[in-house]
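Dropping run_27.cif in here (mmCIF, C-alpha atoms and all ligand atoms):
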data_final
loop_
_atom_site.label_atom_id
_atom_site.label_comp_id
_atom_site.auth_asym_id
_atom_site.auth_seq_id
_atom_site.Cartn_x
_atom_site.Cartn_y
_atom_site.Cartn_z
CA MET A 23 -24.51 24.10 45.39
CA PRO A 24 -22.54 22.48 42.57
CA SER A 25 -22.99 18.76 42.56
CA GLU A 26 -20.12 16.46 43.55
CA LEU A 27 -20.90 14.26 40.55
CA LEU A 28 -20.90 17.24 38.19
CA LYS A 29 -17.46 18.21 39.49
CA ARG A 30 -16.21 14.73 38.77
CA ILE A 31 -17.65 14.83 35.26
CA LYS A 32 -15.79 18.05 34.56
CA GLU A 33 -12.54 16.84 36.14
CA THR A 34 -12.06 13.70 34.10
CA GLU A 35 -10.08 13.86 30.90
CA TRP A 36 -12.97 12.16 29.04
CA SER A 37 -15.47 14.26 27.25
CA VAL A 38 -19.16 14.33 28.04
CA PRO A 39 -21.51 12.79 25.48
CA LYS A 40 -22.58 15.31 22.87
CA HIS A 41 -25.97 13.71 22.41
CA VAL A 42 -27.91 11.83 25.08
CA ALA A 43 -31.14 10.02 24.21
CA ILE A 44 -33.52 8.95 26.97
CA ILE A 45 -36.40 6.50 27.10
CA MET A 46 -38.43 8.01 29.92
CA ASP A 47 -40.12 4.89 31.27
CA GLY A 48 -41.86 3.85 34.48
CA ASN A 49 -44.43 6.58 35.07
CA GLY A 50 -47.29 4.11 35.42
CA ARG A 51 -45.41 1.89 37.87
CA TRP A 52 -44.39 4.91 39.91
CA ALA A 53 -48.06 5.83 40.28
CA ASN A 54 -49.12 2.22 40.98
CA GLU A 55 -46.62 1.99 43.80
CA ARG A 56 -48.34 4.95 45.41
CA GLY A 57 -51.89 3.77 44.77
CA LEU A 58 -52.38 6.67 42.36
CA PRO A 59 -53.86 6.65 38.86
CA ARG A 60 -51.31 6.30 36.06
CA ARG A 61 -51.78 9.87 34.98
CA GLU A 62 -50.24 11.06 38.25
CA GLY A 63 -47.08 9.27 37.21
CA HIS A 64 -47.07 11.13 33.91
CA ARG A 65 -47.62 14.39 35.71
CA ALA A 66 -44.76 13.68 38.12
CA GLY A 67 -42.56 12.76 35.16
CA MET A 68 -42.70 16.35 33.95
CA ARG A 69 -40.61 17.44 36.94
CA SER A 70 -37.93 15.01 35.84
CA VAL A 71 -37.97 16.46 32.35
CA ARG A 72 -37.33 19.92 33.76
CA ASP A 73 -34.53 18.73 36.04
CA VAL A 74 -32.82 16.66 33.37
CA VAL A 75 -32.91 19.54 30.87
CA GLU A 76 -31.22 21.80 33.41
CA GLY A 77 -28.73 19.12 34.34
CA ALA A 78 -27.89 18.52 30.69
CA ILE A 79 -27.07 22.21 30.29
CA GLU A 80 -24.89 22.15 33.42
CA ALA A 81 -23.03 19.12 32.13
CA GLY A 82 -22.44 20.68 28.72
CA ILE A 83 -24.47 18.21 26.67
CA GLU A 84 -25.40 19.64 23.29
CA VAL A 85 -28.38 17.52 22.28
CA VAL A 86 -30.95 15.67 24.40
CA THR A 87 -33.58 13.50 22.75
CA LEU A 88 -36.50 12.49 24.95
CA TYR A 89 -38.83 9.65 23.98
CA ALA A 90 -42.12 11.05 25.20
CA PHE A 91 -44.74 9.16 23.21
CA SER A 92 -44.28 6.27 20.83
CA GLN A 93 -46.21 5.33 17.75
CA GLU A 94 -47.35 2.25 19.69
CA ASN A 95 -48.50 4.37 22.64
CA TRP A 96 -51.50 5.45 20.51
CA GLN A 97 -52.90 2.01 21.36
CA ARG A 98 -53.19 2.83 25.06
CA PRO A 99 -56.65 3.48 26.54
CA ARG A 100 -58.12 6.67 25.17
CA PRO A 101 -58.28 8.54 28.46
CA GLU A 102 -54.56 7.95 29.00
CA VAL A 103 -53.70 9.15 25.49
CA ALA A 104 -55.92 12.20 26.00
CA PHE A 105 -54.21 12.96 29.28
CA LEU A 106 -50.76 12.69 27.70
CA MET A 107 -51.86 15.09 24.98
CA SER A 108 -53.13 17.58 27.54
CA LEU A 109 -49.82 17.26 29.37
CA LEU A 110 -47.97 18.01 26.16
CA LYS A 111 -49.99 21.17 25.71
CA SER A 112 -49.48 22.30 29.28
CA TYR A 113 -45.75 21.53 29.06
CA ALA A 114 -45.49 23.69 25.96
CA LYS A 115 -47.26 26.49 27.78
CA SER A 116 -45.72 26.37 31.23
CA GLU A 117 -42.12 25.60 30.26
CA VAL A 118 -41.60 27.69 27.19
CA GLN A 119 -40.33 30.80 28.96
CA ASP A 120 -37.84 28.87 31.09
CA LEU A 121 -36.64 27.05 28.00
CA VAL A 122 -36.12 30.34 26.19
CA ASP A 123 -34.32 31.81 29.21
CA ASN A 124 -32.08 28.74 29.40
CA GLY A 125 -31.16 28.89 25.72
CA VAL A 126 -32.95 25.66 24.83
CA GLU A 127 -34.10 25.15 21.25
CA VAL A 128 -36.94 22.63 21.02
CA HIS A 129 -37.47 20.26 18.10
CA VAL A 130 -40.04 17.56 17.52
CA VAL A 131 -39.56 14.27 15.68
CA GLY A 132 -42.40 11.90 14.89
CA ASP A 133 -45.62 11.61 12.97
CA ILE A 134 -47.12 14.97 13.89
CA ASP A 135 -49.95 14.53 11.38
CA ARG A 136 -51.68 12.23 13.83
CA PHE A 137 -52.15 15.10 16.29
CA GLU A 138 -55.21 17.26 16.52
CA ALA A 139 -55.04 20.93 15.61
CA ALA A 140 -54.73 22.12 19.22
CA GLU A 141 -51.70 19.94 19.86
CA ARG A 142 -50.07 20.91 16.59
CA LYS A 143 -50.56 24.54 17.48
CA ALA A 144 -48.94 24.04 20.90
CA ILE A 145 -46.01 22.34 19.21
CA ASP A 146 -45.64 25.10 16.61
CA THR A 147 -45.65 27.72 19.35
CA ILE A 148 -42.91 26.06 21.38
CA LEU A 149 -40.80 25.51 18.25
CA ASP A 150 -41.23 29.13 17.17
CA MET A 151 -40.58 30.64 20.57
CA THR A 152 -37.46 28.64 21.34
CA ARG A 153 -35.93 29.02 17.89
CA GLY A 154 -32.35 30.24 18.08
CA GLY A 155 -31.59 28.77 21.52
CA GLU A 156 -27.90 27.90 21.50
CA ARG A 157 -27.10 26.08 24.71
CA LEU A 158 -29.10 22.90 24.24
CA GLN A 159 -31.03 21.26 21.43
CA LEU A 160 -34.00 19.46 22.99
CA VAL A 161 -35.52 16.92 20.63
CA LEU A 162 -38.92 15.57 21.69
CA ALA A 163 -39.84 12.26 20.10
CA ILE A 164 -43.63 12.20 20.07
CA SER A 165 -45.81 9.92 18.01
CA TYR A 166 -42.41 8.53 17.09
CA GLY A 167 -41.53 5.05 15.87
CA SER A 168 -38.17 4.21 14.43
CA ARG A 169 -39.38 1.63 11.92
CA GLY A 170 -41.90 4.14 10.64
CA GLU A 171 -39.13 6.71 10.37
CA ILE A 172 -36.94 4.31 8.39
CA VAL A 173 -39.77 3.35 6.03
CA ARG A 174 -40.54 7.04 5.52
CA ALA A 175 -36.89 7.67 4.60
CA ALA A 176 -36.98 4.78 2.11
CA ARG A 177 -40.18 6.15 0.58
CA ARG A 178 -38.68 9.62 0.21
CA LEU A 179 -35.59 8.19 -1.47
CA ALA A 180 -37.76 6.12 -3.81
CA GLU A 181 -39.70 9.23 -4.74
CA ARG A 182 -36.52 11.18 -5.43
CA SER A 183 -35.21 8.31 -7.48
CA ALA A 184 -38.44 7.97 -9.47
CA SER A 185 -38.41 11.69 -10.24
CA GLY A 186 -34.88 11.40 -11.57
CA ASP A 187 -33.41 13.52 -8.77
CA LEU A 188 -31.31 10.67 -7.38
CA GLU A 189 -29.67 7.56 -8.81
CA ALA A 190 -30.33 4.39 -6.83
CA ALA A 191 -26.62 3.63 -6.93
CA ALA A 192 -25.91 6.95 -5.21
CA ILE A 193 -27.85 5.97 -2.09
CA ASP A 194 -25.36 5.45 0.69
CA GLU A 195 -25.51 5.72 4.48
CA PRO A 196 -25.23 9.52 4.65
CA THR A 197 -27.89 9.92 1.94
CA PHE A 198 -30.18 7.62 3.87
CA ALA A 199 -29.53 9.30 7.24
CA ALA A 200 -30.29 12.66 5.67
CA GLU A 201 -33.89 11.54 5.13
CA LEU A 202 -34.44 10.59 8.76
CA TYR A 203 -36.17 13.00 11.15
CA THR A 204 -32.92 13.20 13.07
CA ALA A 205 -30.79 14.39 10.15
CA PRO A 206 -29.77 17.67 11.83
CA TRP A 207 -28.09 16.04 14.83
CA PRO A 208 -25.21 13.66 15.42
CA ASP A 209 -26.09 10.12 16.52
CA PRO A 210 -26.62 9.67 20.26
CA ASP A 211 -23.46 8.80 22.20
CA LEU A 212 -25.38 7.59 25.22
CA MET A 213 -28.86 6.07 25.51
CA ILE A 214 -30.46 5.89 28.93
CA ARG A 215 -33.55 3.86 29.75
CA THR A 216 -35.20 4.17 33.14
CA SER A 217 -37.39 1.66 35.02
CA GLY A 218 -35.09 -1.32 34.58
CA GLU A 219 -36.26 -2.43 31.15
CA TYR A 220 -33.68 -3.76 28.69
CA ARG A 221 -35.23 -2.97 25.36
CA ILE A 222 -35.25 -0.30 22.68
CA SER A 223 -39.03 -0.17 22.08
CA ASN A 224 -38.74 1.14 18.51
CA PHE A 225 -36.53 4.10 19.46
CA LEU A 226 -33.78 5.39 17.12
CA LEU A 227 -32.90 1.95 15.71
CA TRP A 228 -30.61 3.39 13.05
CA GLN A 229 -29.12 6.16 15.15
CA LEU A 230 -28.21 3.99 18.15
CA ALA A 231 -25.86 1.76 16.13
CA TYR A 232 -22.85 2.71 18.27
CA ALA A 233 -24.47 4.37 21.27
CA GLU A 234 -23.43 3.32 24.75
CA LEU A 235 -26.45 1.86 26.54
CA TYR A 236 -27.25 2.58 30.17
CA THR A 237 -30.24 1.27 32.06
CA THR A 238 -31.23 2.15 35.58
CA PRO A 239 -33.98 0.72 37.79
CA VAL A 240 -34.98 4.26 38.80
CA LEU A 241 -38.50 5.06 37.60
CA TRP A 242 -38.74 8.17 35.44
CA PRO A 243 -40.58 10.37 37.97
CA ASP A 244 -37.75 9.69 40.46
CA PHE A 245 -35.02 10.43 37.91
CA THR A 246 -33.09 13.64 38.62
CA ARG A 247 -30.09 15.43 37.18
CA GLU A 248 -27.92 13.52 39.69
CA HIS A 249 -28.98 10.27 38.02
CA LEU A 250 -28.10 11.82 34.68
CA PHE A 251 -24.68 12.73 36.04
CA GLU A 252 -24.19 9.13 37.23
CA ALA A 253 -24.98 7.90 33.74
CA ILE A 254 -22.52 10.38 32.22
CA LEU A 255 -19.77 9.30 34.64
CA ASP A 256 -20.44 5.69 33.69
CA TYR A 257 -20.23 6.66 30.02
CA GLN A 258 -16.92 8.40 30.58
CA ARG A 259 -15.46 5.12 31.84
CA ARG A 260 -16.51 3.20 28.72
CA GLU A 261 -14.12 2.41 25.94
CA ARG A 262 -15.78 3.12 22.60
CA ARG A 263 -14.13 1.13 19.86
CA PHE A 264 -16.48 1.44 16.87
CA GLY A 265 -15.33 -1.97 15.68
CA LYS A 266 -11.66 -1.05 15.65
CA VAL A 267 -8.84 -2.10 17.93
CA THR A 268 -7.27 0.29 20.40
C1 LIG A 301 -43.47 6.16 30.22
O1 LIG A 301 -44.10 5.57 31.31
C2 LIG A 301 -44.31 7.22 29.58
C3 LIG A 301 -44.89 6.85 28.29
C4 LIG A 301 -44.66 5.75 27.65
C5 LIG A 301 -45.82 7.79 27.69
P1 LIG A 301 -45.14 4.39 31.14
O2 LIG A 301 -46.48 4.98 31.00
O3 LIG A 301 -44.71 3.47 30.06
O4 LIG A 301 -45.01 3.69 32.55
P2 LIG A 301 -44.94 2.13 32.86
O5 LIG A 301 -43.90 1.55 31.97
O6 LIG A 301 -46.30 1.58 32.57
O7 LIG A 301 -44.57 2.05 34.31
C1 LIG A 302 -41.35 3.41 25.46
O1 LIG A 302 -41.96 3.03 26.63
C2 LIG A 302 -41.97 4.66 24.94
C3 LIG A 302 -41.76 5.86 25.74
C4 LIG A 302 -41.06 5.96 26.83
C5 LIG A 302 -42.37 7.05 25.25
P1 LIG A 302 -43.15 1.94 26.64
O2 LIG A 302 -43.54 1.78 28.06
O3 LIG A 302 -44.21 2.36 25.70
O4 LIG A 302 -42.43 0.66 26.05
P2 LIG A 302 -42.71 -0.88 26.30
O5 LIG A 302 -44.15 -1.10 25.99
O6 LIG A 302 -42.40 -1.14 27.73
O7 LIG A 302 -41.77 -1.59 25.38
MG MG A 303 -43.54 1.84 30.00
#

What does this structure look like when you write it as structure tokens?
Amino acid sequence: MPSELLKRIKETEWSVPKHVAIIMDGNGRWANERGLPRREGHRAGMRSVRDVVEGAIEAGIEVVTLYAFSQENWQRPRPEVAFLMSLLKSYAKSEVQDLVDNGVEVHVVGDIDRFEAAERKAIDTILDMTRGGERLQLVLAISYGSRGEIVRAARRLAERSASGDLEAAAIDEPTFAAELYTAPWPDPDLMIRTSGEYRISNFLLWQLAYAELYTTPVLWPDFTREHLFEAILDYQRRERRFGKVT
């Protein structure tokens, strides 16, 4: 049954966001509320990932970036980190065929070198198998921190400059952005954060410069494609000015 909200999205004259970035937050609180261990919240959050990916395709979004694990999240208790890593591996395994069938191409941004061989292998497999998907680009931010990404870009530019490949005076915004993990995709138009928090938590600091921000109290495991559609409808009512006058 086509969703009422989806119909409204398609009927308005305003376009859908090309790129939606999501901070998937609130798994632990969702579990706490139910007297369950935190890991059950993470497990439940996987259902939301599946639903949101399908909803994004229905809505005609081109790129979805999901913040799945931050650089700072490495500091969580070891059993929780280990569980998140096992979830990543099982996601790669159990979802890959559906992703291929749905035309989803998966990408990963973040400091992958911190992963163990088994996780890197799972990532490589999902990247290889989904390569060529044309309906949706799904970017997973894992072991990702935006400050780290920016410093890495600066280091790469410094190296190019030192080797004589690039003049310092030639470094401009596009040159800089080209060294970020996210170089292949346009900046996010809409950034959603679940669980009622109003902060960026080291996510896409450069790329979110002109994104529309949307926060919802809904905890990530309760977030469905209908909530995504609500966020898109809200976005379609915004007036984006980019510093100009209309
Ligand atoms: C988001 O949920 C998932 C990750 C950060 C890996 P949290 O685990 O942060 O859940 P809360 O914020 O403690 O409820
Ligand atoms: C941000 O959530 C990271 C992810 C969703 C992966 P956190 O729960 O780690 O962020 P803080 O600690 O509330 O800022
Ligand atoms: Mg959190």

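Pairwise distance (CA of Val103 in chain A, CA of Arg215 in chain A) equals 21.3 Å.
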
Shell around Tyr236 in chain A at 9 Å using all atoms listed in the file, local window under 6 positions removed, as a PDB file with C-alpha atoms, in the frame of the given file:
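This is the output file result-v1.pdb:
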ATOM      1  CA  LEU A 212     -25.380   7.590  25.220  1.00  0.00           C
ATOM      2  CA  MET A 213     -28.860   6.070  25.510  1.00  0.00           C
ATOM      3  CA  ILE A 214     -30.460   5.890  28.930  1.00  0.00           C
ATOM      4  CA  ARG A 215     -33.550   3.860  29.750  1.00  0.00           C
ATOM      5  CA  THR A 216     -35.200   4.170  33.140  1.00  0.00           C
ATOM      6  CA  ALA A 253     -24.980   7.900  33.740  1.00  0.00           C
ATOM      7  CA  ASP A 256     -20.440   5.690  33.690  1.00  0.00           C
ATOM      8  CA  TYR A 257     -20.230   6.660  30.020  1.00  0.00           C
TER       9      TYR A 257
END

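For the residues A:Arg51, A:Arg169, A:Lys266, A:Arg178, ranking by smallest atom-to-atom distance to Gly218 in chain A using all atoms listed in the file places A:Arg51 first.
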
| request: Skip Glu127 in chain A itself and residues of its chain fewer than 2 positions away, then list as a list in words all residues within 8 Å of it, counting all atoms listed in the file. | output: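 Contacts, with the query itself left out: Leu121, Val122, Gly125, His129, Leu149, Thr152, Arg153, Gly154, Gly155, Glu156, Arg157, Leu158, Gln159 and Leu160 of chain A.
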
| query | By how many Å are CA of Val130 in chain A and CA of Ile164 in chain A apart? | reply |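 One can read the CA of Val130 in chain A to CA of Ile164 in chain A distance as 6.9 Å.
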
| task | Counting only C-alpha atoms, figure out which residue out of A:Gln119, A:Pro196, A:Ala139, A:Ser92 gets nearest to Leu162 in chain A. | result | A:Ser92

Sorted per-residue table, chain A near ligand LIG 301 (chain A), closest atoms and distance, 6 Å, only C-alpha atoms and all ligand atoms, as JSON lines:
{"residue": "A:Met46", "atom": "CA", "partner": "A:LIG301", "partner_atom": "C1", "distance": 5.4}
{"residue": "A:Asp47", "atom": "CA", "partner": "A:LIG301", "partner_atom": "C1", "distance": 3.7}
{"residue": "A:Gly48", "atom": "CA", "partner": "A:LIG301", "partner_atom": "O7", "distance": 3.3}
{"residue": "A:Asn49", "atom": "CA", "partner": "A:LIG301", "partner_atom": "O4", "distance": 3.9}
{"residue": "A:Gly50", "atom": "CA", "partner": "A:LIG301", "partner_atom": "O7", "distance": 3.6}
{"residue": "A:Arg51", "atom": "CA", "partner": "A:LIG301", "partner_atom": "O7", "distance": 3.7}
{"residue": "A:Ala90", "atom": "CA", "partner": "A:LIG301", "partner_atom": "C5", "distance": 5.5}
{"residue": "A:Phe91", "atom": "CA", "partner": "A:LIG301", "partner_atom": "C5", "distance": 4.8}

| field | Selection near His64 in chain A, 12 Å with all atoms listed in the file, sequence-local residues under 5 positions removed, as a PyMOL selection string | value | chain A and resi 46-54+58-59+69-71+90-91+102-110+113+241-244

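The two atoms in question, CA of Arg61 in chain A and CA of Gly77 in chain A, are spaced 24.8 Å apart.
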
Could you write range 74-103 of chain A as a compact mmCIF listing (two decimals), in the coordinates of the input, with N, CA and C atoms rebuilt where they are missing?
# COMPACT_ATOMS: atom_id res chain seq x y z
N VAL A 74 -33.81 17.25 34.28
CA VAL A 74 -32.82 16.66 33.37
C VAL A 74 -32.37 17.68 32.32
N VAL A 75 -33.29 18.51 31.85
CA VAL A 75 -32.91 19.54 30.87
C VAL A 75 -31.89 20.49 31.52
N GLU A 76 -32.16 20.90 32.74
CA GLU A 76 -31.22 21.80 33.41
C GLU A 76 -29.88 21.12 33.67
N GLY A 77 -29.96 19.87 34.08
CA GLY A 77 -28.73 19.12 34.34
C GLY A 77 -27.90 18.93 33.07
N ALA A 78 -28.59 18.71 31.97
CA ALA A 78 -27.89 18.52 30.69
C ALA A 78 -27.13 19.80 30.32
N ILE A 79 -27.75 20.94 30.58
CA ILE A 79 -27.07 22.21 30.29
C ILE A 79 -25.85 22.35 31.20
N GLU A 80 -26.03 22.05 32.49
CA GLU A 80 -24.89 22.15 33.42
C GLU A 80 -23.74 21.25 32.99
N ALA A 81 -24.08 20.08 32.50
CA ALA A 81 -23.03 19.12 32.13
C ALA A 81 -22.38 19.47 30.79
N GLY A 82 -23.02 20.32 30.01
CA GLY A 82 -22.44 20.68 28.72
C GLY A 82 -22.84 19.74 27.59
N ILE A 83 -23.95 19.05 27.76
CA ILE A 83 -24.47 18.21 26.67
C ILE A 83 -25.07 19.13 25.61
N GLU A 84 -24.91 18.76 24.35
CA GLU A 84 -25.40 19.64 23.29
C GLU A 84 -26.80 19.28 22.81
N VAL A 85 -27.08 17.98 22.78
CA VAL A 85 -28.38 17.52 22.28
C VAL A 85 -28.98 16.49 23.24
N VAL A 86 -30.23 16.67 23.61
CA VAL A 86 -30.95 15.67 24.40
C VAL A 86 -32.19 15.28 23.61
N THR A 87 -32.36 13.98 23.39
CA THR A 87 -33.58 13.50 22.75
C THR A 87 -34.39 12.73 23.79
N LEU A 88 -35.64 13.13 23.97
CA LEU A 88 -36.50 12.49 24.95
C LEU A 88 -37.62 11.75 24.23
N TYR A 89 -37.74 10.46 24.55
CA TYR A 89 -38.83 9.65 23.98
C TYR A 89 -40.04 9.88 24.88
N ALA A 90 -40.98 10.66 24.38
CA ALA A 90 -42.12 11.05 25.20
C ALA A 90 -43.38 10.27 24.87
N PHE A 91 -43.51 9.85 23.62
CA PHE A 91 -44.74 9.16 23.21
C PHE A 91 -44.45 8.38 21.93
N SER A 92 -44.64 7.08 21.99
CA SER A 92 -44.28 6.27 20.83
C SER A 92 -45.48 6.09 19.91
N GLN A 93 -45.16 5.67 18.71
CA GLN A 93 -46.21 5.33 17.75
C GLN A 93 -47.15 4.27 18.35
N GLU A 94 -46.55 3.33 19.09
CA GLU A 94 -47.35 2.25 19.69
C GLU A 94 -48.19 2.75 20.86
N ASN A 95 -47.75 3.85 21.49
CA ASN A 95 -48.50 4.37 22.64
C ASN A 95 -49.90 4.87 22.25
N TRP A 96 -50.14 5.08 20.95
CA TRP A 96 -51.50 5.45 20.51
C TRP A 96 -52.49 4.36 20.86
N GLN A 97 -51.99 3.12 21.06
CA GLN A 97 -52.90 2.01 21.36
C GLN A 97 -53.28 1.93 22.83
N ARG A 98 -52.79 2.84 23.64
CA ARG A 98 -53.19 2.83 25.06
C ARG A 98 -54.65 3.29 25.18
N PRO A 99 -55.25 3.04 26.36
CA PRO A 99 -56.65 3.48 26.54
C PRO A 99 -56.81 4.96 26.23
N ARG A 100 -57.92 5.29 25.63
CA ARG A 100 -58.12 6.67 25.17
C ARG A 100 -57.96 7.73 26.24
N PRO A 101 -58.46 7.49 27.44
CA PRO A 101 -58.28 8.54 28.46
C PRO A 101 -56.80 8.80 28.76
N GLU A 102 -55.98 7.74 28.72
CA GLU A 102 -54.56 7.95 29.00
C GLU A 102 -53.90 8.75 27.88
N VAL A 103 -54.25 8.40 26.63
CA VAL A 103 -53.70 9.15 25.49
C VAL A 103 -54.13 10.61 25.59
